[in-house]
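**Q** coords-v3.csv is reproduced in full below (CSV, N, CA and C atoms and all ligand atoms).
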chain,number,residue,atom,x,y,z
D,555,MET,N,1.4,41.2,13.8
D,555,MET,CA,2.4,40.7,12.9
D,555,MET,C,2.9,39.3,13.4
D,556,ILE,N,3.2,39.3,14.7
D,556,ILE,CA,3.6,38.0,15.3
D,556,ILE,C,2.5,36.9,15.2
D,557,VAL,N,1.3,37.4,15.5
D,557,VAL,CA,0.1,36.5,15.4
D,557,VAL,C,0.0,35.9,14.0
D,558,LYS,N,0.1,36.7,13.0
D,558,LYS,CA,0.1,36.3,11.6
D,558,LYS,C,1.1,35.3,11.3
D,559,LEU,N,2.3,35.5,11.8
D,559,LEU,CA,3.5,34.6,11.6
D,559,LEU,C,3.2,33.3,12.2
D,560,LEU,N,2.6,33.3,13.4
D,560,LEU,CA,2.3,32.1,14.1
D,560,LEU,C,1.2,31.3,13.4
D,561,VAL,N,0.3,32.0,12.8
D,561,VAL,CA,-0.8,31.3,12.0
D,561,VAL,C,-0.2,30.6,10.8
D,562,ILE,N,0.7,31.4,10.1
D,562,ILE,CA,1.3,30.8,8.9
D,562,ILE,C,2.2,29.6,9.3
D,563,VAL,N,3.0,29.7,10.3
D,563,VAL,CA,3.8,28.6,10.8
D,563,VAL,C,2.9,27.4,11.2
D,564,GLY,N,1.8,27.7,11.8
D,564,GLY,CA,0.8,26.6,12.2
D,564,GLY,C,0.2,25.9,11.0
D,565,VAL,N,-0.2,26.7,10.0
D,565,VAL,CA,-0.7,26.1,8.8
D,565,VAL,C,0.3,25.2,8.1
D,566,ILE,N,1.5,25.7,8.0
D,566,ILE,CA,2.6,25.0,7.3
D,566,ILE,C,2.8,23.7,8.1
D,567,TYR,N,2.8,23.8,9.5
D,567,TYR,CA,3.1,22.6,10.3
D,567,TYR,C,2.0,21.5,10.1
D,568,VAL,N,0.7,22.0,10.0
D,568,VAL,CA,-0.4,21.0,9.8
D,568,VAL,C,-0.3,20.4,8.5
D,569,VAL,N,-0.1,21.2,7.4
D,569,VAL,CA,0.0,20.7,6.1
D,569,VAL,C,1.1,19.7,6.0
D,570,TYR,N,2.3,20.1,6.6
D,570,TYR,CA,3.4,19.2,6.5
D,570,TYR,C,3.2,17.9,7.2
D,571,ASN,N,2.5,17.9,8.4
D,571,ASN,CA,2.2,16.7,9.1
D,571,ASN,C,1.2,15.8,8.3
D,572,LEU,N,0.2,16.4,7.7
D,572,LEU,CA,-0.8,15.7,6.9
D,572,LEU,C,-0.1,15.0,5.7
D,573,TYR,N,0.8,15.7,5.1
D,573,TYR,CA,1.5,15.2,3.9
D,573,TYR,C,2.4,14.1,4.3
D,574,PHE,N,3.1,14.3,5.4
D,574,PHE,CA,4.1,13.3,5.9
D,574,PHE,C,3.3,12.0,6.4
D,575,LYS,N,2.2,12.2,7.0
D,575,LYS,CA,1.4,11.0,7.5
D,575,LYS,C,0.8,10.2,6.3
D,576,THR,N,0.4,10.9,5.3
D,576,THR,CA,-0.2,10.3,4.1
D,576,THR,C,0.9,9.4,3.4
D,577,LYS,N,2.1,10.0,3.4
D,577,LYS,CA,3.3,9.4,2.8
D,577,LYS,C,3.6,8.0,3.5
D,578,ILE,N,3.6,8.1,4.9
D,578,ILE,CA,3.9,6.9,5.7
D,578,ILE,C,2.8,5.9,5.5
D,579,ASP,N,1.5,6.3,5.4
D,579,ASP,CA,0.4,5.3,5.2
D,579,ASP,C,0.6,4.6,3.9
D,580,ASN,N,0.9,5.4,2.9
D,580,ASN,CA,1.1,4.8,1.5
D,580,ASN,C,2.2,3.7,1.5
D,581,THR,N,3.3,4.0,2.2
D,581,THR,CA,4.4,3.1,2.3
D,581,THR,C,4.0,1.8,3.0
D,582,GLN,N,3.2,2.0,4.1
D,582,GLN,CA,2.8,0.8,4.8
D,582,GLN,C,1.9,-0.1,4.0
D,583,ASP,N,1.0,0.6,3.2
D,583,ASP,CA,0.1,-0.2,2.4
D,583,ASP,C,0.8,-1.0,1.3
D,584,LYS,N,1.8,-0.4,0.7
D,584,LYS,CA,2.6,-1.1,-0.3
D,584,LYS,C,3.4,-2.2,0.4
D,585,GLY,N,3.9,-2.0,1.6
D,585,GLY,CA,4.6,-3.0,2.3
D,585,GLY,C,3.8,-4.3,2.6
D,586,GLU,N,2.5,-4.0,3.0
D,586,GLU,CA,1.6,-5.1,3.3
D,586,GLU,C,1.3,-5.9,2.0
D,587,GLU,N,1.2,-5.2,0.9
D,587,GLU,CA,0.9,-5.9,-0.4
D,587,GLU,C,2.0,-6.8,-0.8
D,588,VAL,N,3.3,-6.4,-0.6
D,588,VAL,CA,4.4,-7.1,-1.0
D,588,VAL,C,4.6,-8.4,-0.1
D,589,ASP,N,4.3,-8.2,1.2
D,589,ASP,CA,4.5,-9.3,2.2
D,589,ASP,C,3.4,-10.3,2.1
D,590,THR,N,2.2,-10.0,1.6
D,590,THR,CA,1.1,-10.9,1.5
D,590,THR,C,1.4,-12.0,0.5
D,591,MET,N,1.4,-13.3,1.0
D,591,MET,CA,1.6,-14.4,0.1
D,591,MET,C,0.2,-15.1,-0.1
D,592,VAL,N,-0.1,-15.5,-1.3
D,592,VAL,CA,-1.3,-16.2,-1.6
D,592,VAL,C,-1.0,-17.5,-2.2
D,593,LYS,N,-1.8,-18.5,-2.0
D,593,LYS,CA,-1.6,-19.9,-2.5
D,593,LYS,C,-2.3,-20.0,-3.9
D,594,CYS,N,-1.5,-20.6,-4.8
D,594,CYS,CA,-2.1,-20.9,-6.2
D,594,CYS,C,-3.2,-22.0,-6.0
D,595,SER,N,-4.3,-21.7,-6.6
D,595,SER,CA,-5.4,-22.7,-6.5
D,595,SER,C,-5.2,-23.9,-7.3
D,596,ASN,N,-4.3,-23.9,-8.2
D,596,ASN,CA,-4.0,-25.1,-9.1
D,596,ASN,C,-2.8,-26.0,-8.5
D,597,CYS,N,-1.7,-25.4,-8.4
D,597,CYS,CA,-0.5,-26.2,-8.0
D,597,CYS,C,-0.1,-26.0,-6.6
D,598,GLY,N,-0.6,-25.0,-5.8
D,598,GLY,CA,-0.3,-24.9,-4.4
D,598,GLY,C,0.9,-24.1,-4.1
D,599,VAL,N,1.5,-23.5,-5.1
D,599,VAL,CA,2.7,-22.7,-4.9
D,599,VAL,C,2.3,-21.3,-4.3
D,600,TYR,N,3.1,-20.8,-3.4
D,600,TYR,CA,2.8,-19.5,-2.8
D,600,TYR,C,3.5,-18.4,-3.6
D,601,VAL,N,2.7,-17.4,-4.0
D,601,VAL,CA,3.2,-16.3,-4.7
D,601,VAL,C,2.8,-15.0,-4.1
D,602,ALA,N,3.6,-13.9,-4.3
D,602,ALA,CA,3.3,-12.6,-3.8
D,602,ALA,C,1.9,-12.2,-4.4
D,603,LYS,N,1.1,-11.6,-3.6
D,603,LYS,CA,-0.3,-11.2,-4.0
D,603,LYS,C,-0.2,-10.2,-5.2
D,604,SER,N,0.9,-9.4,-5.2
D,604,SER,CA,1.0,-8.4,-6.3
D,604,SER,C,1.4,-9.1,-7.6
D,605,ASP,N,2.0,-10.3,-7.6
D,605,ASP,CA,2.4,-11.1,-8.8
D,605,ASP,C,1.3,-12.1,-9.1
D,606,ALA,N,0.4,-12.4,-8.3
D,606,ALA,CA,-0.6,-13.5,-8.5
D,606,ALA,C,-1.6,-13.0,-9.5
D,607,ILE,N,-2.2,-14.0,-10.2
D,607,ILE,CA,-3.3,-13.7,-11.2
D,607,ILE,C,-4.6,-14.1,-10.5
D,608,VAL,N,-5.5,-13.1,-10.4
D,608,VAL,CA,-6.8,-13.3,-9.7
D,608,VAL,C,-7.9,-13.7,-10.8
D,609,LYS,N,-8.6,-14.8,-10.5
D,609,LYS,CA,-9.7,-15.1,-11.4
D,609,LYS,C,-10.7,-15.8,-10.6
D,610,SER,N,-12.0,-15.3,-10.6
D,610,SER,CA,-13.1,-15.8,-9.9
D,610,SER,C,-12.8,-16.0,-8.4
D,611,ASP,N,-12.2,-14.9,-7.8
D,611,ASP,CA,-11.8,-14.8,-6.4
D,611,ASP,C,-10.8,-15.9,-6.0
D,612,LYS,N,-10.1,-16.5,-6.9
D,612,LYS,CA,-9.0,-17.4,-6.6
D,612,LYS,C,-7.7,-16.9,-7.2
D,613,TYR,N,-6.6,-17.3,-6.5
D,613,TYR,CA,-5.3,-16.8,-7.0
D,613,TYR,C,-4.5,-17.9,-7.7
D,614,TYR,N,-3.8,-17.5,-8.8
D,614,TYR,CA,-3.0,-18.4,-9.5
D,614,TYR,C,-1.6,-17.9,-9.7
D,615,CYS,N,-0.6,-18.8,-9.7
D,615,CYS,CA,0.8,-18.3,-9.8
D,615,CYS,C,1.2,-17.9,-11.2
D,616,SER,N,0.6,-18.4,-12.2
D,616,SER,CA,1.0,-18.0,-13.5
D,616,SER,C,-0.2,-18.3,-14.5
D,617,LYS,N,0.0,-17.9,-15.7
D,617,LYS,CA,-1.1,-18.1,-16.7
D,617,LYS,C,-1.3,-19.6,-17.0
D,618,GLU,N,-0.2,-20.4,-16.8
D,618,GLU,CA,-0.3,-21.9,-17.1
D,618,GLU,C,-1.3,-22.6,-16.1
D,619,CYS,N,-1.4,-22.0,-14.9
D,619,CYS,CA,-2.3,-22.6,-13.9
D,619,CYS,C,-3.8,-22.1,-14.0
D,620,LEU,N,-4.0,-21.2,-14.9
D,620,LEU,CA,-5.4,-20.7,-15.0
D,620,LEU,C,-6.4,-21.7,-15.4
A,701,ZN,ZN,0.2,-22.6,-10.0
Go ahead and render the structure in this file as structure tokens.
**A**
Amino acid sequence: MIVKLLVIVGVIYVVYNLYFKTKIDNTQDKGEEVDTMVKCSNCGVYVAKSDAIVKSDKYYCSKECL
């Protein structure tokens, strides 16, 4: 009975750790994306990578610069 309980607690602990670790990794990935600044290939303005428009492997700040 005690062994069963330990196994259940162990499984919950492992699952919880995996879930928590995945959550932290996701947060870090999002943070890097927001912090990354890329230069507009047309006007030279720096914009967040998530806001930039990508065309032919080059970054642009807005549609006007495409
Ligand atoms: Zn631009």
**Q** Listing only residues of chain D within 5 Å of ligand ZN 701 (chain A), what is the closest atom pair and its distance in Å (to one decimal) for each, using only N, CA and C atoms and all ligand atoms, sorted by chain and residue number ascending, as a tab-separated table?
**A**
residue	atom	partner	partner_atom	distance
D:Cys594	CA	A:ZN701	ZN	4.8
D:Asn596	C	A:ZN701	ZN	4.8
D:Cys597	N	A:ZN701	ZN	3.7
D:Gly598	N	A:ZN701	ZN	4.9
D:Cys615	N	A:ZN701	ZN	3.9
D:Ser616	N	A:ZN701	ZN	4.8
D:Cys619	CA	A:ZN701	ZN	4.6
**Q** For D:Lys593, which residue out of D:Met555, D:Leu560, D:Leu572, D:Ile607 is the nearest one, using only C-alpha atoms?
**A**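 Checking each candidate against D:Lys593, we get D:Ile607 as the closest.
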**Q** Kindly indicate which residue among D:Ser595, D:Thr576, D:Thr590, D:Asn571 lies nearest to D:Tyr613, using only C-alpha atoms for the distances.
**A**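 That would be D:Ser595, the residue with the smallest distance to D:Tyr613.
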**Q** Name the residues of chain D that fall into strand (DSSP E) according to DSSP on the backbone, using the chain letters and numbers of this document, as a list in words.
**A** Met591, Val592, Lys593, Tyr600, Val601, Ala602, Ile607, Val608, Lys609, Lys612, Tyr613 and Tyr614 of chain D
**Q** So which bits of chain D end up alpha helix (DSSP H) when you DSSP the backbone, as a ChimeraX atom specification?
**A** /D:556-589
**Q** So how many Å separate atom CA of D:Ala602 and atom C of D:Lys575, to one decimal?
**A**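 So the two atoms, atom CA of D:Ala602 and atom C of D:Lys575, lie 25.1 Å apart.
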**Q** D:Ile562, D:Tyr573, D:Tyr614, D:Val568: which is nearest D:Val601, counting all atoms listed in the file?
**A**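 Looking at the shortest contact to D:Val601, the residue is D:Tyr614.
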**Q** Quick one: pull the distance between atom CA of D:Glu618 and atom CA of D:Val599, Å, one decimal.
**A** 12.6 Å
**Q** Find the distance between atom N of D:Asp605 and atom CA of D:Leu620 and write it in Å to one decimal.
**A** 14.8 Å
